[in-house]
Structures are given as structure tokens and as C-alpha cells.
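Reviewing the structure listed below.
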Amino acid sequence: AQAVALYDERFFRMFEFYLAASEAAFRHSDHVVFQIQFAKRRDAVPLVRDYISERSQKRRSQPSAAA
């Protein structure tokens with residue numbers, strides 16, 4: 001309902017179809033996902049993505065605001 005409010009019904013249906021097709025492809029085929037970062041300068045982004053898991057770990061160890 002929120003997605004329809006932000007976009008429109010057609011976009012929502014197409015996105016739902018995309019998600020269902022993606023799930024089917026990953027379950028029944030040998031599909032994989034590659035994540036690539038492009039940058040003009042080599043030192044603009046870290047060579048490895050360890051910083052993402054480190055930040056996630058740090059957030060998980062902090063007490064939540066809802067508690």
C-alpha cells in the first residue's frame with residue numbers, strides 16, 4: 001500500500017513480478033548476484049567491502065531505540 005502511494009499501481013505490479021521472477025530464478029537456476037562499485041579514482045572507495053559488515057555488526061551490538 002505504501003509503495004502504491006509513493007509510485008503507482010503499475011510500478012507496484014511490475015516490481016512484484018520482478019521480485020517473484022528473481023526468487024524463482026535463484027531457487028531453480030544457478031543465478032548469482034554481483035555487486036560492483038565504480039569510481040573515477042581507485043582510492044575513492046575501499047578495495048574490500050569489510051566496512052559494510054563492520055558497521056552492521058556495530059549497529060547490532062547497540063541497544064535499539066525501540067527498547
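Letters A, B, ... mark the chains of the C-alpha cells in the order given; residue numbers begin at 1 per chain; ligand numbers begin at 1, in order shown.
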Using DSSP on the backbone coordinates, identify the residues of segment 18-67 of chain A assigned to helix (DSSP H, G or I); present them as a count of residues only. 26
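Non-sequential neighbours of segment 33-35 of chain A (distance at most 12 Å, separation of 6 or more positions within a chain, only C-alpha atoms) are Ser22, Ala25, Phe26, Val48 and Arg49 of chain A.
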With C-alpha atoms retained, write the just-selected residues as a compact mmCIF listing (two decimals), in the first residue's frame.
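So selection-v2.txt came out as:
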```txt
# COMPACT_ATOMS: atom_id res chain seq x y z
CA SER A 22 14.00 -13.21 -9.23
CA ALA A 25 15.40 -17.82 -10.85
CA PHE A 26 17.51 -18.09 -7.70
CA VAL A 48 37.20 -4.66 0.07
CA ARG A 49 33.71 -4.33 1.48
```
Would you mind reading off the distance between atom CA of Phe38 of chain A and atom CA of Tyr51 of chain A, one decimal, in Å? 16.6 Å
Coordinates-based distance that separates atom CA of Gln37 of chain A from atom CA of Phe12 of chain A (Å, one decimal):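 It comes out at 27.4 Å.
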